[in-house]
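Data block for model_5.cif (mmCIF, C-alpha atoms):
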```
data_input
#
loop_
_atom_site.label_atom_id
_atom_site.label_comp_id
_atom_site.auth_asym_id
_atom_site.auth_seq_id
_atom_site.Cartn_x
_atom_site.Cartn_y
_atom_site.Cartn_z
CA MET A 23 17.49 24.61 -11.84
CA TYR A 24 14.33 22.55 -11.87
CA ARG A 25 11.97 22.52 -14.86
CA LEU A 26 8.28 22.90 -14.06
CA HIS A 27 5.28 22.86 -16.42
CA LEU A 28 2.19 24.66 -15.19
CA TYR A 29 -0.99 26.27 -16.51
CA LEU A 30 -1.53 30.00 -16.03
CA THR A 31 -4.82 31.87 -16.12
CA ASP A 32 -5.20 34.34 -19.00
CA ASN A 33 -4.82 37.27 -16.61
CA LEU A 34 -1.63 35.90 -15.07
CA LYS A 35 -0.13 35.26 -18.50
CA LYS A 36 -1.00 38.80 -19.64
CA GLU A 37 0.55 40.30 -16.51
CA LEU A 38 3.65 38.15 -16.88
CA ASP A 39 4.09 39.23 -20.53
CA ILE A 40 3.74 42.92 -19.64
CA LYS A 41 6.08 42.79 -16.63
CA ALA A 42 8.72 40.88 -18.60
CA LYS A 43 8.57 43.39 -21.43
CA LEU A 44 8.67 46.45 -19.17
CA SER A 45 11.48 45.15 -16.96
CA LYS A 46 13.45 43.74 -19.91
CA LYS A 47 13.68 40.38 -18.17
CA THR A 48 12.62 36.95 -19.35
CA LYS A 49 9.23 35.60 -18.35
CA ALA A 50 11.04 32.82 -16.48
CA GLU A 51 12.98 35.36 -14.42
CA ILE A 52 9.80 37.26 -13.54
CA ALA A 53 8.00 34.02 -12.66
CA ARG A 54 10.88 32.91 -10.40
CA LEU A 55 10.90 36.30 -8.68
CA ALA A 56 7.14 36.18 -8.15
CA LEU A 57 7.30 32.62 -6.79
CA GLU A 58 10.15 33.52 -4.46
CA LYS A 59 8.12 36.36 -2.93
CA GLY A 60 4.75 34.61 -3.10
CA LEU A 61 5.83 31.33 -1.50
CA LYS A 62 6.74 33.19 1.70
CA GLN A 63 3.05 34.13 2.03
CA VAL A 64 1.90 30.51 1.82
CA LYS A 65 1.67 29.11 5.34
CA ILE A 66 0.80 25.56 6.26
CA PRO A 67 -2.41 25.72 8.34
CA LYS A 68 -1.60 25.45 12.05
CA SER A 69 -4.37 22.96 12.71
CA LYS A 70 -2.27 20.48 10.74
CA SER A 71 0.42 20.31 13.42
CA ALA A 72 -0.42 16.68 14.25
CA GLN A 73 -0.19 15.84 10.54
CA ALA A 74 3.40 17.13 10.58
CA LEU A 75 4.19 14.39 13.10
CA LEU A 76 2.68 11.76 10.85
CA ASP A 77 4.67 13.14 7.91
CA LEU A 78 7.82 12.75 10.02
CA ALA A 79 6.93 9.13 10.85
CA HIS A 80 6.27 8.35 7.18
CA PHE A 81 9.59 9.91 6.18
CA ALA A 82 11.46 7.83 8.77
CA GLU A 83 9.69 4.68 7.61
CA SER A 84 10.66 5.41 4.00
CA LEU A 85 14.36 5.19 4.91
CA PRO A 86 16.15 1.81 4.97
CA TYR A 87 15.44 -0.12 8.18
CA ASP A 88 18.48 -0.15 10.48
CA LYS A 89 18.45 -3.52 12.21
CA ASN A 90 21.39 -2.44 14.39
CA ALA A 91 19.62 0.62 15.75
CA PRO A 92 18.84 0.42 19.48
CA LYS A 93 15.24 -0.50 20.29
CA ASP A 94 15.07 1.46 23.56
CA VAL A 95 16.07 4.95 22.46
CA VAL A 96 12.92 6.70 23.61
CA LYS A 97 12.84 5.18 27.10
CA ASN A 98 16.59 5.69 27.51
CA MET A 99 16.84 8.99 25.66
CA ASP A 100 18.94 10.54 28.43
CA TYR A 101 21.47 7.72 28.21
CA TYR A 102 21.75 7.93 24.42
CA THR A 103 21.80 11.73 24.38
CA TRP A 104 23.79 12.69 27.43
CA GLY A 105 25.50 9.47 28.49
CA GLY A 106 25.52 8.09 32.01
CA GLU A 107 23.61 4.98 33.04
CA LYS A 108 20.65 3.23 31.49
CA ASP A 109 17.46 3.03 33.46
CA LYS A 110 17.35 -0.62 34.60
CA ASN A 111 13.54 -0.64 34.25
CA HIS A 112 13.75 0.32 30.60
CA GLU A 113 16.55 -1.85 29.30
CA MET B 13 -11.10 20.74 27.18
CA SER B 14 -8.22 22.67 25.67
CA ASN B 15 -7.86 22.26 21.93
CA ARG B 16 -4.10 22.26 22.17
CA ILE B 17 -1.50 20.24 23.95
CA VAL B 18 2.22 20.61 24.50
CA ALA B 19 4.68 18.00 23.22
CA ASP B 20 8.22 17.07 24.21
CA ALA B 21 11.30 16.21 22.14
CA ASP B 22 10.97 12.47 22.83
CA ILE B 23 7.91 12.32 20.57
CA LEU B 24 9.96 13.58 17.64
CA ILE B 25 12.63 11.00 18.49
CA ALA B 26 10.02 8.21 18.75
CA LEU B 27 8.55 9.11 15.38
CA THR B 28 11.96 8.95 13.71
CA PHE B 29 13.04 5.64 15.29
CA ASP B 30 10.79 3.11 13.59
CA GLU B 31 13.03 0.45 15.17
CA ASP B 32 11.71 1.49 18.61
CA PRO B 33 8.51 -0.15 19.92
CA LEU B 34 7.24 3.29 20.97
CA HIS B 35 7.34 4.48 17.35
CA ASN B 36 3.97 2.92 16.53
CA LYS B 37 2.47 4.22 19.76
CA ALA B 38 3.62 7.78 18.99
CA LYS B 39 2.23 7.43 15.49
CA ALA B 40 -1.13 6.11 16.72
CA PHE B 41 -1.41 9.00 19.20
CA SER B 42 -0.52 11.48 16.43
CA GLU B 43 -3.26 10.00 14.25
CA THR B 44 -5.73 10.43 17.11
CA LEU B 45 -4.67 14.04 17.66
CA ALA B 46 -4.96 14.80 13.95
CA ARG B 47 -8.42 13.23 13.85
CA MET B 48 -9.52 15.16 16.96
CA GLY B 49 -8.24 18.41 15.44
CA ILE B 50 -5.98 19.07 18.41
CA THR B 51 -3.07 21.43 17.89
CA VAL B 52 0.29 20.07 19.03
CA VAL B 53 2.56 22.82 20.34
CA PHE B 54 6.31 22.35 20.77
CA PRO B 55 8.41 24.73 22.84
CA ASN B 56 11.18 25.84 20.46
CA THR B 57 13.68 24.26 22.85
CA ALA B 58 12.12 20.81 22.31
CA ILE B 59 12.61 21.06 18.56
CA LEU B 60 16.21 22.19 19.02
CA GLU B 61 16.80 19.36 21.52
CA ALA B 62 15.42 16.72 19.13
CA ILE B 63 17.39 18.00 16.13
CA THR B 64 20.60 18.09 18.16
CA ALA B 65 20.09 14.62 19.66
CA LEU B 66 19.25 13.06 16.30
CA LYS B 67 22.20 14.55 14.47
CA ARG B 68 24.88 14.55 17.16
CA SER B 69 24.15 11.56 19.40
CA LEU B 70 21.78 9.24 17.56
CA ASN B 71 23.36 9.31 14.09
CA LYS B 72 20.13 10.17 12.27
CA PRO B 73 21.18 13.23 10.25
CA LYS B 74 18.52 12.80 7.56
CA GLU B 75 15.76 12.77 10.16
CA ALA B 76 17.31 15.75 11.97
CA HIS B 77 17.34 17.79 8.77
CA PHE B 78 13.81 16.67 7.89
CA ILE B 79 12.53 18.06 11.20
CA ASN B 80 14.45 21.27 10.60
CA GLN B 81 12.95 21.59 7.12
CA GLN B 82 9.46 21.01 8.53
CA TYR B 83 10.16 23.75 11.06
CA LEU B 84 11.34 26.13 8.33
CA GLN B 85 8.19 25.43 6.34
CA GLY B 86 6.01 26.29 9.33
CA ALA B 87 4.66 22.75 9.77
CA TYR B 88 5.02 22.83 13.55
CA GLU B 89 3.16 25.02 16.00
CA VAL B 90 5.99 26.52 18.06
CA GLU B 91 5.90 28.41 21.34
CA TYR B 92 9.04 30.50 21.70
CA ILE B 93 10.34 30.61 25.24
CA ASP B 94 10.26 34.05 26.82
CA SER B 95 11.89 35.16 30.06
CA GLU B 96 8.79 34.46 32.18
CA THR B 97 8.54 30.89 30.91
CA GLN B 98 12.23 30.28 31.49
CA LYS B 99 11.96 31.65 35.02
CA ARG B 100 8.92 29.45 35.74
CA ALA B 101 10.83 26.47 34.28
CA GLY B 102 13.71 27.34 36.57
CA VAL B 103 11.40 27.21 39.59
CA ILE B 104 9.92 23.85 38.51
CA PHE B 105 13.45 22.55 37.94
CA GLU B 106 14.58 23.61 41.42
CA LYS B 107 11.53 22.27 43.24
CA LYS B 108 10.59 19.14 41.30
CA ALA B 109 13.55 17.89 39.29
CA VAL B 110 14.75 15.39 41.88
CA SER B 111 16.13 12.80 39.47
CA LYS B 112 19.24 13.36 37.39
CA LYS B 113 17.08 12.55 34.36
CA ASN B 114 14.76 15.54 34.85
CA THR B 115 16.38 18.22 32.72
CA ILE B 116 15.75 21.94 32.50
CA PHE B 117 14.38 21.26 28.99
CA ASP B 118 11.70 19.04 30.55
CA ALA B 119 10.89 21.83 33.00
CA VAL B 120 10.49 24.22 30.04
CA VAL B 121 7.91 21.83 28.54
CA ALA B 122 5.97 21.83 31.82
CA ALA B 123 6.19 25.64 32.12
CA THR B 124 4.98 26.00 28.53
CA ALA B 125 1.97 23.78 29.25
CA GLU B 126 1.16 25.97 32.25
CA LYS B 127 1.49 29.12 30.16
CA LEU B 128 -0.82 27.74 27.46
CA ALA B 129 -3.26 26.52 30.13
CA THR B 130 -3.26 22.96 28.89
CA ASN B 131 -3.17 19.98 31.20
CA THR B 132 -1.97 17.49 28.61
CA ILE B 133 1.63 16.81 27.64
CA PHE B 134 2.46 14.51 24.73
CA SER B 135 5.51 12.59 25.95
CA PHE B 136 6.58 9.15 27.15
CA ASP B 137 8.40 10.75 30.09
CA GLU B 138 6.58 9.72 33.27
CA TRP B 139 7.84 12.80 35.14
CA TYR B 140 5.02 14.93 33.73
CA SER B 141 2.32 12.79 35.34
CA LYS B 142 4.14 13.24 38.66
CA LEU B 143 3.80 17.00 38.10
CA GLY B 144 0.03 16.55 37.63
CA PHE B 145 -0.21 16.62 33.84
CA SER B 146 -2.30 14.16 31.81
CA SER B 147 -0.97 12.02 29.01
CA VAL B 148 -2.31 11.84 25.47
CA GLY B 149 -3.47 8.28 26.27
CA GLU B 150 -5.86 9.70 28.86
CA LEU B 151 -7.03 12.38 26.42
CA SER B 152 -7.97 9.83 23.77
CA LYS B 153 -9.98 7.83 26.33
CA ASN B 154 -12.27 10.85 26.96
#
```
Exercise: express the given structure as structure tokens:
Amino acid sequence: MYRLHLYLTDNLKKELDIKAKLSKKTKAEIARLALEKGLKQVKIPKSKSAQALLDLAHFAESLPYDKNAPKDVVKNMDYYTWGGEKDKNHE
Amino acid sequence: MSNRIVADADILIALTFDEDPLHNKAKAFSETLARMGITVVFPNTAILEAITALKRSLNKPKEAHFINQQYLQGAYEVEYIDSETQKRAGVIFEKKAVSKKNTIFDAVVAATAEKLATNTIFSFDEWYSKLGFSSVGELSKN
């Protein structure tokens, strides 16, 4: 479990209190249930698809640099993925 | 000009391999696409291909799972391959895939670009230009 502090509007707090009381559950349980259902409705805007690529690059750069990693993976992707021979032009 | 382009698995690989000289190029092109507001569409097969290659062959499990998590969160624009696209890819593969390196997955990328009526494919694979598609480099010059 992860602990999160957040501010609720007055209306949300009132609704949370009522639903917790009526369902005989804790406010935390109701909040988790609501988040679980509500988060599925939150979609990342599709126009941000190029940003997803930059996020991927930033993630990769945040990992320790592997000096032993091959430097020609993209040009010789077939060789590294499927085996066979390297393209002589891209070695 | 179409506001969307189709991308291949090698771009995902390039972005994860910061040891590869093409990493910075892929990143620079991605920055251009983001700035131009162009939507990058991946055939679902390209995402599966990249995840598999990174985890199974290239020993980059963290990057493979990161891409999968991005996919699960809806970060990528994905075109799911239907029977028509696969059939068209099959035709391209039979007619144009002369080299051993031209895979059916590459043909799916080309067929997806045709389906989405875009002439630009984001990839370092030179086969697409032989098929008549433009590269992202040409797009950013316009």
| task | Please report as a ChimeraX atom specification which residues of chain A come no farther than 9 Å from chain B, using only C-alpha atoms. | result | /A:65-76,78-83,87-97,99-104
| Which residues match the PyMOL selection byres ((chain B and resi 122-129) around 8) in the file above, as a list in words? |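 Taken on the displayed file, the PyMOL selection byres ((chain B and resi 122-129) around 8) yields the residues Ser14, Ile17, Val18, Pro55, Glu91, Ile93, Thr97, Gln98, Arg100, Ala101, Ile104, Asp118, Ala119, Val120, Val121, Thr130, Asn131, Thr132, Ile133 and Tyr140 of chain B.
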| For atom CA of Asp20 of chain B and atom CA of Ser111 of chain B, the interatomic separation in Å (one decimal) |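 So the answer is 17.7 Å.
Across the structure, atom CA of Gln81 of chain B and atom CA of Ala58 of chain B are spaced 15.2 Å apart.
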| Which residues come within 12 Å of Ile52 of chain A, counting all atoms listed in the file, excluding same-chain residues fewer than 3 positions away, as a VMD selection string? | chain A and resid 34 to 35 37 to 49 55 to 60
| field | Å distance separating atom CA of Lys107 of chain B from atom CA of Gly149 of chain B, one decimal place | value |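 We find that atom CA of Lys107 of chain B and atom CA of Gly149 of chain B lie 26.6 Å from each other.
The list of residues with at least one atom within 9 Å of Asn80 of chain B, based on all atoms listed in the file and without residues fewer than 4 positions apart in the same chain, reads Ile59, Leu60, Ile63, Glu75, Ala76, Leu84 and Gln85 of chain B.
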Write the residues of the selection above to a file with C-alpha atoms, as a PDB file, in the coordinates of the input.
```
ATOM      1  CA  ILE B  59      12.610  21.060  18.560  1.00  0.00           C
ATOM      2  CA  LEU B  60      16.210  22.190  19.020  1.00  0.00           C
ATOM      3  CA  ILE B  63      17.390  18.000  16.130  1.00  0.00           C
ATOM      4  CA  GLU B  75      15.760  12.770  10.160  1.00  0.00           C
ATOM      5  CA  ALA B  76      17.310  15.750  11.970  1.00  0.00           C
ATOM      6  CA  LEU B  84      11.340  26.130   8.330  1.00  0.00           C
ATOM      7  CA  GLN B  85       8.190  25.430   6.340  1.00  0.00           C
TER       8      GLN B  85
END
```
| Residue IDs satisfying the PyMOL selection byres ((chain A and resi 24) around 12), as an MDAnalysis selection string | chainID A and resid 23 25:27 50 54
Output C-alpha atoms for every residue in the selection just made, as a short mmCIF file (atom, residue, chain, number, x, y, z; two decimals), keeping the file's coordinate frame.
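Below is the file result19.cif, written as the result:
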```cif
data_model
loop_
_atom_site.label_atom_id
_atom_site.label_comp_id
_atom_site.auth_asym_id
_atom_site.auth_seq_id
_atom_site.Cartn_x
_atom_site.Cartn_y
_atom_site.Cartn_z
CA MET A 23 17.49 24.61 -11.84
CA ARG A 25 11.97 22.52 -14.86
CA LEU A 26 8.28 22.90 -14.06
CA HIS A 27 5.28 22.86 -16.42
CA ALA A 50 11.04 32.82 -16.48
CA ARG A 54 10.88 32.91 -10.40
#
```
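Minimum atom-to-atom distances from B:Phe117, B:Trp139, B:Tyr92, B:Phe105 to Asn56 of chain B were compared using only C-alpha atoms, and the lowest value belongs to B:Tyr92.
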Could segment 89-114 of chain B be completed with N, CA and C atoms and written as a CSV table (one decimal), keeping the file's coordinate frame, please?
```csv
chain,number,residue,atom,x,y,z
B,89,GLU,N,3.6,23.9,15.2
B,89,GLU,CA,3.2,25.0,16.0
B,89,GLU,C,4.2,25.2,17.1
B,90,VAL,N,4.9,26.3,17.1
B,90,VAL,CA,6.0,26.5,18.1
B,90,VAL,C,5.7,27.6,19.0
B,91,GLU,N,6.0,27.4,20.3
B,91,GLU,CA,5.9,28.4,21.3
B,91,GLU,C,7.3,28.8,21.7
B,92,TYR,N,7.7,30.0,21.4
B,92,TYR,CA,9.0,30.5,21.7
B,92,TYR,C,9.2,30.9,23.2
B,93,ILE,N,10.2,30.4,23.8
B,93,ILE,CA,10.3,30.6,25.2
B,93,ILE,C,10.7,32.0,25.6
B,94,ASP,N,9.9,32.7,26.4
B,94,ASP,CA,10.3,34.0,26.8
B,94,ASP,C,10.9,34.0,28.2
B,95,SER,N,11.2,35.1,28.8
B,95,SER,CA,11.9,35.2,30.1
B,95,SER,C,11.0,34.6,31.2
B,96,GLU,N,9.7,34.9,31.1
B,96,GLU,CA,8.8,34.5,32.2
B,96,GLU,C,8.7,32.9,32.2
B,97,THR,N,8.6,32.4,31.0
B,97,THR,CA,8.5,30.9,30.9
B,97,THR,C,9.8,30.3,31.4
B,98,GLN,N,11.0,30.9,31.0
B,98,GLN,CA,12.2,30.3,31.5
B,98,GLN,C,12.4,30.4,33.0
B,99,LYS,N,11.9,31.5,33.6
B,99,LYS,CA,12.0,31.6,35.0
B,99,LYS,C,11.1,30.6,35.7
B,100,ARG,N,9.8,30.4,35.2
B,100,ARG,CA,8.9,29.4,35.7
B,100,ARG,C,9.5,28.0,35.6
B,101,ALA,N,10.2,27.8,34.5
B,101,ALA,CA,10.8,26.5,34.3
B,101,ALA,C,11.9,26.3,35.3
B,102,GLY,N,12.6,27.4,35.6
B,102,GLY,CA,13.7,27.3,36.6
B,102,GLY,C,13.2,27.0,37.9
B,103,VAL,N,12.0,27.5,38.3
B,103,VAL,CA,11.4,27.2,39.6
B,103,VAL,C,11.0,25.7,39.6
B,104,ILE,N,10.3,25.3,38.6
B,104,ILE,CA,9.9,23.8,38.5
B,104,ILE,C,11.2,23.0,38.6
B,105,PHE,N,12.2,23.3,37.9
B,105,PHE,CA,13.4,22.6,37.9
B,105,PHE,C,14.0,22.5,39.4
B,106,GLU,N,14.0,23.6,40.1
B,106,GLU,CA,14.6,23.6,41.4
B,106,GLU,C,13.7,22.8,42.4
B,107,LYS,N,12.4,22.9,42.3
B,107,LYS,CA,11.5,22.3,43.2
B,107,LYS,C,11.2,20.8,42.9
B,108,LYS,N,11.1,20.5,41.7
B,108,LYS,CA,10.6,19.1,41.3
B,108,LYS,C,11.6,18.2,40.6
B,109,ALA,N,12.6,18.7,40.1
B,109,ALA,CA,13.6,17.9,39.3
B,109,ALA,C,14.5,17.1,40.2
B,110,VAL,N,14.0,16.1,40.9
B,110,VAL,CA,14.8,15.4,41.9
B,110,VAL,C,15.7,14.4,41.2
B,111,SER,N,15.3,13.8,40.1
B,111,SER,CA,16.1,12.8,39.5
B,111,SER,C,17.1,13.5,38.5
B,112,LYS,N,18.2,12.8,38.3
B,112,LYS,CA,19.2,13.4,37.4
B,112,LYS,C,18.7,13.5,36.0
B,113,LYS,N,17.7,12.6,35.7
B,113,LYS,CA,17.1,12.6,34.4
B,113,LYS,C,16.1,13.7,34.1
B,114,ASN,N,15.7,14.4,35.1
B,114,ASN,CA,14.8,15.5,34.8
B,114,ASN,C,15.6,16.8,34.5
```
